[in-house]
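Everything below concerns the one structure shown next.
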Amino acid sequence: MAIAIPHRLLFIDGEWREPTQRKRIPIVNPSTEEVIGHIPAATAEDVNIAVDAARRAFARNKGKDWASASGAHRAKYLRAIAAKITERKSELAKLEIIDCGKPLEEAAWDIDDVASCFKYYADLAEGLDAKQKAPVSLPMQQFKCHVLKEPIGVVGLITPWNYPLLMATWKVAPALAAGCTAILKPSELASITCLELAEVCREVGLPPGVLNILTGLGPEAGAPLASHPHVDKVAFTGSTATGSKIMTAAAPIIKPVTLELGGKSPILVFEDVDLDKAAEWTIFGCFWTNGQMCSATSRLLVHEGIATEFLDRLVKWSKNIKVSDPFEEGCRLGPIVSAGQYEKVMNFISTAKNEGATILCGGVRPQHLKKGYFVEPTIITDVTTSMQIWREEVFGPVLCVKTFSTEDEAIELANDTHYGLGAAVISKDLERCERVTKALPAGIVWINCSQPCFCQAPWGGNKRSGFGRELGEWGLENYLSVKQVTEYTSDDPWGWYQSPAKL
């Protein structure tokens with residue numbers, strides 16, 4: 001299917017702008033391995049221009065045009081963006097497919113979520129107006145105190161390729177709702193729809209410089225953005241290794257950061273489950289989005305009493321997944337995003353086998369797909385806790401399995417990880433689910449499901465999965481600073497020092 005890819009430049013100060021060095025990066029369709037277009041490649045010079053534009057937009061008319069305008073004013077733009085996204089849903093979903101390989105129904109669902117997220121933060125922007133000057137009760141009557149919530153300033157937003165437009169929206173929508181101005185740097189592996197967001201912003205008349213969008217490579221565009229002295233905050237979603245580099249870059253000027261990083265999340269399946277329901281949630285938790293989720297519950301812990309039968313069901317469910325061109329009706333697993341990622345996933349599988357694990361199913365290219373970065377849904381058993389496949393994030397459709405005999409053993413195995421993003425507990429015993437939930441040091445715990453995500457609920461992790469929370473009211477707070485304002489209201493002098501007039 002031929003999809004026209006618009007020829008875009010960098011989006012800076014409300015206009016399309018040629019990259020300073022006039023470089024472009026090829027776009028490769030992961031389903032066909034063909035180059036289908038190019039995106040502009042920003043460098044440090046372009047970052048400087050974009051940051052200057054964002055600072056001007058933040059300060060324009062002493063902030064009255066955006067930063068200190070009413071939340072209701074900003075909400076109008078967010079709702080207009082949401083409406084345009086909905087209007088272009090079919091086109092945007094198709095662009096997402098050829099860029100990152102998502103199945104059509106998933107891509108369409110993502111675009112719906114993008115529009116919903118902008119509308120949600122439009123509502124929260126309006127709500128900010130009523131929360132300004134919230135009073136603080138004090139123990140001394142001669143003082144009164146209130147709190148102001150103000151935009152933190154110019155923010156750098158660096159986003160991944162697995163949910164290109166949606167992950168960008170998780171940051172852009174609350175940042176703009178708060179009154180910040182922003183520079184968005186999406187992943188070079190999937191940037192098409194983020195450039196289309198720029199066109200949407202231009203069409204709705206978003207004030208120049210409020211949102212600037214720079215595509216390009218991480219070292220050439222992302223790193224200068226993260227370390228820029230005039231960027232007041234950085235929010236990043238991506239690998240733990242890159243998150244560490246961003247913290248290092250922010251440290252010299254004590255720049256705040258929000259990090260949503262990698263994961264190796266467990267799913268605990270107890271002996272009292274409905275086997276088919278549990279099997280479907282297990283494969284959804286690991287194979288949704290072609291297995292490319294930081295929150296993927298890719299470590300299965302199953303009670304030894306049901307392990308044989310459960311794994312048999314799991315294999316049957318996995319083999320029933322339609323792996324195909326993402327545009328085909330009923331596709332539930334598309335390709336890995338790039339050749340580099342495909343090679344990485346296959347190396348993980350090969351290493352697991354060499355270390356003594358068993359490839360129960362999958363682990364190879366589907367025979368009917370000769371082109372594209374496709375991997376069959378893969379289940380790996382006979383895994384030890386020292387194996388690479390158990391400890392490191394794969395970011396592909398690969399599930400590894402261990403059994404347990406007791407609840408305490410399941411919790412110990414689940415928590416044996418540097419990560420702490422998500423976890424899932426599957427059991428009919430809700431008291432047990434509650435106990436286990438409290439024992440798991442994860443930012444998100446799903447009970448009798450895996451991966452549902454709502455823009456109203458907080459999202460983020462612990463340990464090496466990062467810190468800070470996106471989505472919900474917590475996502476808005478990421479981009480607000482709190483200012484205490486205290487007034488002395490008495491007509492009497494303070495009286496701590498003796499007045500010179502009385503000497």
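Each chain in the structure tokens gets a letter, A, B and so on, in the order shown; residues start at 1 in every chain, and ligands are counted from 1 in the order they appear.
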
Where does region 383-466 of chain A meet region 357-374 of chain A within 12 Å, residue by residue, with the nearest atom pair and distance in Å to one decimal for each, counting only C-alpha atoms, listed by chain and rising number, as JSON lines?
{"residue": "A:Val383", "atom": "CA", "partner": "A:Ala357", "partner_atom": "CA", "distance": 5.3}
{"residue": "A:Thr384", "atom": "CA", "partner": "A:Ala357", "partner_atom": "CA", "distance": 8.0}
{"residue": "A:Thr385", "atom": "CA", "partner": "A:Ala357", "partner_atom": "CA", "distance": 11.2}
{"residue": "A:Ser386", "atom": "CA", "partner": "A:Ala357", "partner_atom": "CA", "distance": 11.4}
{"residue": "A:Met387", "atom": "CA", "partner": "A:Ala357", "partner_atom": "CA", "distance": 8.6}
{"residue": "A:Gln388", "atom": "CA", "partner": "A:Ala357", "partner_atom": "CA", "distance": 10.5}
{"residue": "A:Ile389", "atom": "CA", "partner": "A:Ala357", "partner_atom": "CA", "distance": 9.1}
{"residue": "A:Trp390", "atom": "CA", "partner": "A:Ala357", "partner_atom": "CA", "distance": 10.4}
{"residue": "A:Gly396", "atom": "CA", "partner": "A:Phe374", "partner_atom": "CA", "distance": 10.0}
{"residue": "A:Pro397", "atom": "CA", "partner": "A:Gly363", "partner_atom": "CA", "distance": 8.9}
{"residue": "A:Val398", "atom": "CA", "partner": "A:Gly363", "partner_atom": "CA", "distance": 7.8}
{"residue": "A:Leu399", "atom": "CA", "partner": "A:Ile359", "partner_atom": "CA", "distance": 10.0}
{"residue": "A:Cys400", "atom": "CA", "partner": "A:Ile359", "partner_atom": "CA", "distance": 9.2}
{"residue": "A:Val401", "atom": "CA", "partner": "A:Ala357", "partner_atom": "CA", "distance": 9.8}
{"residue": "A:Lys402", "atom": "CA", "partner": "A:Ala357", "partner_atom": "CA", "distance": 10.9}

Would you mind exporting all heavy atoms of the selected residues as a tab-separated table (two decimals), in the first residue's frame?
chain	number	residue	atom	x	y	z
A	383	VAL	N	14.82	-21.39	32.29
A	383	VAL	CA	15.59	-20.16	32.49
A	383	VAL	C	16.08	-20.09	33.93
A	383	VAL	O	15.35	-20.45	34.87
A	383	VAL	CB	14.69	-18.93	32.17
A	383	VAL	CG1	15.40	-17.63	32.53
A	383	VAL	CG2	14.28	-18.93	30.70
A	384	THR	N	17.31	-19.65	34.12
A	384	THR	CA	17.83	-19.39	35.47
A	384	THR	C	17.90	-17.88	35.68
A	384	THR	O	17.92	-17.10	34.72
A	384	THR	CB	19.24	-19.99	35.66
A	384	THR	OG1	20.16	-19.29	34.82
A	384	THR	CG2	19.25	-21.47	35.32
A	385	THR	N	17.95	-17.49	36.95
A	385	THR	CA	17.92	-16.06	37.26
A	385	THR	C	19.22	-15.34	36.89
A	385	THR	O	19.27	-14.11	36.92
A	385	THR	CB	17.64	-15.83	38.75
A	385	THR	OG1	18.63	-16.52	39.52
A	385	THR	CG2	16.27	-16.35	39.13
A	386	SER	N	20.25	-16.08	36.54
A	386	SER	CA	21.50	-15.43	36.12
A	386	SER	C	21.59	-15.21	34.62
A	386	SER	O	22.50	-14.53	34.14
A	386	SER	CB	22.70	-16.29	36.57
A	386	SER	OG	22.67	-17.55	35.93
A	387	MET	N	20.64	-15.76	33.88
A	387	MET	CA	20.69	-15.65	32.42
A	387	MET	C	20.38	-14.23	31.96
A	387	MET	O	19.56	-13.53	32.56
A	387	MET	CB	19.70	-16.62	31.78
A	387	MET	CG	20.12	-18.08	31.84
A	387	MET	SD	18.91	-19.13	30.99
A	387	MET	CE	19.65	-20.75	31.24
A	388	GLN	N	20.99	-13.85	30.86
A	388	GLN	CA	20.75	-12.53	30.27
A	388	GLN	C	19.27	-12.33	29.97
A	388	GLN	O	18.72	-11.25	30.22
A	388	GLN	CB	21.56	-12.40	28.97
A	388	GLN	CG	21.40	-11.05	28.28
A	388	GLN	CD	21.86	-11.08	26.83
A	388	GLN	OE1	21.54	-12.00	26.08
A	388	GLN	NE2	22.65	-10.08	26.44
A	389	ILE	N	18.60	-13.35	29.45
A	389	ILE	CA	17.20	-13.23	29.04
A	389	ILE	C	16.30	-12.91	30.23
A	389	ILE	O	15.23	-12.31	30.08
A	389	ILE	CB	16.73	-14.51	28.31
A	389	ILE	CG1	15.46	-14.26	27.52
A	389	ILE	CG2	16.53	-15.68	29.28
A	389	ILE	CD1	15.65	-13.36	26.32
A	390	TRP	N	16.70	-13.31	31.44
A	390	TRP	CA	15.91	-13.06	32.65
A	390	TRP	C	16.18	-11.66	33.21
A	390	TRP	O	15.30	-11.05	33.79
A	390	TRP	CB	16.22	-14.12	33.71
A	390	TRP	CG	15.41	-13.99	34.96
A	390	TRP	CD1	15.78	-13.45	36.15
A	390	TRP	CD2	14.04	-14.41	35.13
A	390	TRP	NE1	14.75	-13.50	37.05
A	390	TRP	CE2	13.66	-14.09	36.45
A	390	TRP	CE3	13.10	-15.03	34.31
A	390	TRP	CZ2	12.40	-14.37	36.97
A	390	TRP	CZ3	11.84	-15.31	34.81
A	390	TRP	CH2	11.51	-14.98	36.12
A	396	GLY	N	11.19	-6.85	22.54
A	396	GLY	CA	10.69	-7.63	21.42
A	396	GLY	C	9.73	-8.67	21.96
A	396	GLY	O	9.56	-8.82	23.18
A	397	PRO	N	9.08	-9.44	21.09
A	397	PRO	CA	8.05	-10.40	21.51
A	397	PRO	C	8.66	-11.68	22.10
A	397	PRO	O	8.57	-12.76	21.52
A	397	PRO	CB	7.29	-10.67	20.22
A	397	PRO	CG	8.33	-10.51	19.15
A	397	PRO	CD	9.24	-9.41	19.63
A	398	VAL	N	9.29	-11.53	23.27
A	398	VAL	CA	10.01	-12.64	23.89
A	398	VAL	C	9.61	-12.73	25.37
A	398	VAL	O	9.82	-11.79	26.14
A	398	VAL	CB	11.53	-12.46	23.77
A	398	VAL	CG1	12.26	-13.63	24.43
A	398	VAL	CG2	11.94	-12.30	22.32
A	399	LEU	N	9.04	-13.87	25.74
A	399	LEU	CA	8.60	-14.13	27.11
A	399	LEU	C	9.46	-15.23	27.71
A	399	LEU	O	9.64	-16.29	27.11
A	399	LEU	CB	7.13	-14.59	27.10
A	399	LEU	CG	6.50	-14.95	28.44
A	399	LEU	CD1	6.27	-13.69	29.29
A	399	LEU	CD2	5.16	-15.68	28.22
A	400	CYS	N	10.05	-14.99	28.89
A	400	CYS	CA	10.80	-16.04	29.57
A	400	CYS	C	10.04	-16.50	30.81
A	400	CYS	O	9.28	-15.73	31.40
A	400	CYS	CB	12.22	-15.57	29.91
A	400	CYS	SG	12.32	-14.09	30.91
A	401	VAL	N	10.25	-17.76	31.19
A	401	VAL	CA	9.37	-18.42	32.15
A	401	VAL	C	10.17	-19.07	33.27
A	401	VAL	O	11.19	-19.72	33.03
A	401	VAL	CB	8.52	-19.51	31.45
A	401	VAL	CG1	7.52	-20.13	32.43
A	401	VAL	CG2	7.82	-18.95	30.22
A	402	LYS	N	9.64	-18.90	34.50
A	402	LYS	CA	10.11	-19.67	35.66
A	402	LYS	C	8.90	-20.10	36.47
A	402	LYS	O	7.85	-19.46	36.41
A	402	LYS	CB	11.05	-18.85	36.55
A	402	LYS	CG	12.50	-18.82	36.04
A	402	LYS	CD	13.46	-18.27	37.08
A	402	LYS	CE	13.66	-19.21	38.24
A	402	LYS	NZ	14.28	-20.49	37.84

Residues of region 183-268 of chain A in strand (DSSP E or B), written as an NGL selection string: :A and (183-185 or 211-213 or 233-237 or 257-260 or 266-268)

With C-alpha atoms retained, write the just-selected residues as a PDB file, in the first residue's frame.
ATOM      1  CA  ILE A 183      11.179  21.517  22.271  1.00  0.00           C
ATOM      2  CA  LEU A 184      10.172  17.979  21.283  1.00  0.00           C
ATOM      3  CA  LYS A 185      12.874  15.593  20.042  1.00  0.00           C
ATOM      4  CA  LEU A 211       6.056  23.981  20.583  1.00  0.00           C
ATOM      5  CA  ASN A 212       9.152  23.352  18.469  1.00  0.00           C
ATOM      6  CA  ILE A 213       9.812  19.922  16.960  1.00  0.00           C
ATOM      7  CA  LYS A 233      13.677  20.810  32.604  1.00  0.00           C
ATOM      8  CA  VAL A 234      14.083  17.604  30.595  1.00  0.00           C
ATOM      9  CA  ALA A 235      11.509  14.813  30.398  1.00  0.00           C
ATOM     10  CA  PHE A 236      12.754  11.621  28.784  1.00  0.00           C
ATOM     11  CA  THR A 237      11.320   8.230  27.901  1.00  0.00           C
ATOM     12  CA  VAL A 257      14.473  15.665  35.024  1.00  0.00           C
ATOM     13  CA  THR A 258      11.666  13.156  34.719  1.00  0.00           C
ATOM     14  CA  LEU A 259      12.739   9.726  33.520  1.00  0.00           C
ATOM     15  CA  GLU A 260      10.578   6.841  32.296  1.00  0.00           C
ATOM     16  CA  PRO A 266       7.057  -9.801  36.110  1.00  0.00           C
ATOM     17  CA  ILE A 267       3.645 -11.398  35.708  1.00  0.00           C
ATOM     18  CA  LEU A 268       2.731 -13.792  38.546  1.00  0.00           C
TER      19      LEU A 268
END

Shortest interatomic distance to Thr308 (chain A) - which of A:Ile426, A:Ala221, A:Ala177, A:Thr381, counting only C-alpha atoms: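 The closest residue to Thr308 (chain A) is A:Thr381.
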
When you look at His38 (chain A) with a cut-off of 7 Å (counting only C-alpha atoms), what residues show up, excluding the ones that are within fewer than 2 positions of it in the same chain? I need them as a tab-separated table (two decimals) with N, CA, C and O atoms, in the first residue's frame.
chain	number	residue	atom	x	y	z
A	24	ARG	N	19.61	14.94	6.14
A	24	ARG	CA	18.36	14.22	6.34
A	24	ARG	C	18.66	12.76	6.65
A	24	ARG	O	19.74	12.24	6.32
A	25	ILE	N	17.71	12.10	7.31
A	25	ILE	CA	17.86	10.72	7.77
A	25	ILE	C	16.82	9.87	7.03
A	25	ILE	O	15.65	10.24	6.96
A	26	PRO	N	17.22	8.71	6.50
A	26	PRO	CA	16.25	7.87	5.78
A	26	PRO	C	15.22	7.26	6.73
A	26	PRO	O	15.51	6.92	7.87
A	27	ILE	N	14.00	7.13	6.20
A	27	ILE	CA	12.92	6.43	6.89
A	27	ILE	C	12.80	5.05	6.25
A	27	ILE	O	12.62	4.94	5.04
A	40	PRO	N	14.28	15.46	8.50
A	40	PRO	CA	15.40	16.38	8.71
A	40	PRO	C	16.22	15.99	9.94
A	40	PRO	O	15.68	15.46	10.91

Closest of A:Phe143, A:Phe270, A:Phe11, A:Tyr163 to Leu430 (chain A) - atom-to-atom distances counting only C-alpha atoms: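 Nearest to Leu430 (chain A): A:Phe270.
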
Contact residues around Leu413 (chain A) with only C-alpha atoms at 9 Å, ignoring same-chain residues under 3 positions, as number ranges by chain: A: 266, 301, 385, 402, 404, 408-410, 416-417

I need the chosen residues saved as a PDB file, in the first residue's frame, with N, CA and C atoms.
ATOM      1  N   PRO A 266       7.565  -8.446  35.894  1.00  0.00           N
ATOM      2  CA  PRO A 266       7.057  -9.801  36.110  1.00  0.00           C
ATOM      3  C   PRO A 266       5.544  -9.888  35.977  1.00  0.00           C
ATOM      4  N   LEU A 301       6.105 -15.783  35.873  1.00  0.00           N
ATOM      5  CA  LEU A 301       6.270 -16.650  37.043  1.00  0.00           C
ATOM      6  C   LEU A 301       4.953 -17.396  37.232  1.00  0.00           C
ATOM      7  N   THR A 385      17.954 -17.489  36.947  1.00  0.00           N
ATOM      8  CA  THR A 385      17.925 -16.055  37.260  1.00  0.00           C
ATOM      9  C   THR A 385      19.219 -15.342  36.891  1.00  0.00           C
ATOM     10  N   LYS A 402       9.643 -18.898  34.501  1.00  0.00           N
ATOM     11  CA  LYS A 402      10.111 -19.667  35.657  1.00  0.00           C
ATOM     12  C   LYS A 402       8.899 -20.104  36.469  1.00  0.00           C
ATOM     13  N   PHE A 404       7.248 -21.316  40.371  1.00  0.00           N
ATOM     14  CA  PHE A 404       7.405 -21.106  41.818  1.00  0.00           C
ATOM     15  C   PHE A 404       6.465 -22.052  42.561  1.00  0.00           C
ATOM     16  N   ASP A 408       5.664 -16.534  48.703  1.00  0.00           N
ATOM     17  CA  ASP A 408       6.903 -15.838  49.070  1.00  0.00           C
ATOM     18  C   ASP A 408       7.985 -16.023  48.012  1.00  0.00           C
ATOM     19  N   GLU A 409       8.080 -17.231  47.459  1.00  0.00           N
ATOM     20  CA  GLU A 409       9.079 -17.473  46.414  1.00  0.00           C
ATOM     21  C   GLU A 409       8.751 -16.654  45.164  1.00  0.00           C
ATOM     22  N   ALA A 410       7.470 -16.567  44.840  1.00  0.00           N
ATOM     23  CA  ALA A 410       7.059 -15.786  43.667  1.00  0.00           C
ATOM     24  C   ALA A 410       7.449 -14.323  43.838  1.00  0.00           C
ATOM     25  N   ASP A 416      13.585  -9.759  42.070  1.00  0.00           N
ATOM     26  CA  ASP A 416      15.009  -9.943  41.776  1.00  0.00           C
ATOM     27  C   ASP A 416      15.348  -9.268  40.447  1.00  0.00           C
ATOM     28  N   THR A 417      15.333  -7.932  40.451  1.00  0.00           N
ATOM     29  CA  THR A 417      15.573  -7.153  39.239  1.00  0.00           C
ATOM     30  C   THR A 417      15.983  -5.741  39.627  1.00  0.00           C
TER      31      THR A 417
END

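Here CA of Leu176 (chain A) stands at a distance of 11.4 Å from CA of Asn478 (chain A).
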
With a distance cut-off of 8 Å and only C-alpha atoms, select the neighbouring residues of Ala278 (chain A), excluding the residue or stretch itself and same-chain residues fewer than 4 positions from it, and output the selection as a PDB file with C-alpha atoms, in the first residue's frame.
ATOM      1  CA  VAL A 269       0.188 -16.476  37.668  1.00  0.00           C
ATOM      2  CA  VAL A 273      -6.647 -18.929  37.655  1.00  0.00           C
ATOM      3  CA  ASP A 274      -8.843 -19.514  34.637  1.00  0.00           C
ATOM      4  CA  THR A 282       0.041 -13.113  29.618  1.00  0.00           C
ATOM      5  CA  ILE A 426      -3.218 -13.068  38.178  1.00  0.00           C
ATOM      6  CA  ASN A 448      -5.936  -9.909  36.663  1.00  0.00           C
ATOM      7  CA  CYS A 449      -4.766  -8.041  33.555  1.00  0.00           C
TER       8      CYS A 449
END

Filtered DSSP result for region 55-122 of chain A, state alpha helix (DSSP H), as a PyMOL selection string: chain A and resi 55-59+71-87+89-100+104-122

Shell of 12 Å around Glu470 (chain A), only C-alpha atoms, local chain residues under 5 positions omitted, as a VMD selection string: chain A and resid 117 121 167 to 175 235 to 237 258 to 260 443 to 444 453 to 461 475 to 479

Neighbour list for Cys194 (chain A) as a list in words, cut-off 6 Å, only C-alpha atoms, skip fewer than 3 positions in-chain: Leu165, Ser191 and Leu197 of chain A

From A:Val155, A:Ala424, A:Val337, A:Leu225, residue lying nearest Thr43 (chain A) [only C-alpha atoms]: A:Leu225

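Distances from A:Arg60, A:Lys119, A:Lys133, A:Arg391 to Ala82 (chain A) were compared using only C-alpha atoms, and the smallest one belongs to A:Lys119.
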
Coordinates-based distance that separates CA of Pro186 (chain A) from CA of Asp113 (chain A) (Å, one decimal): 17.9 Å

Of the listed residues A:Leu311, A:Ala122, A:Ala2, A:Ala134, that which approaches Arg74 (chain A) most closely, counting only C-alpha atoms: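 Once distances to Arg74 (chain A) are computed over only C-alpha atoms, the minimum belongs to A:Ala122.
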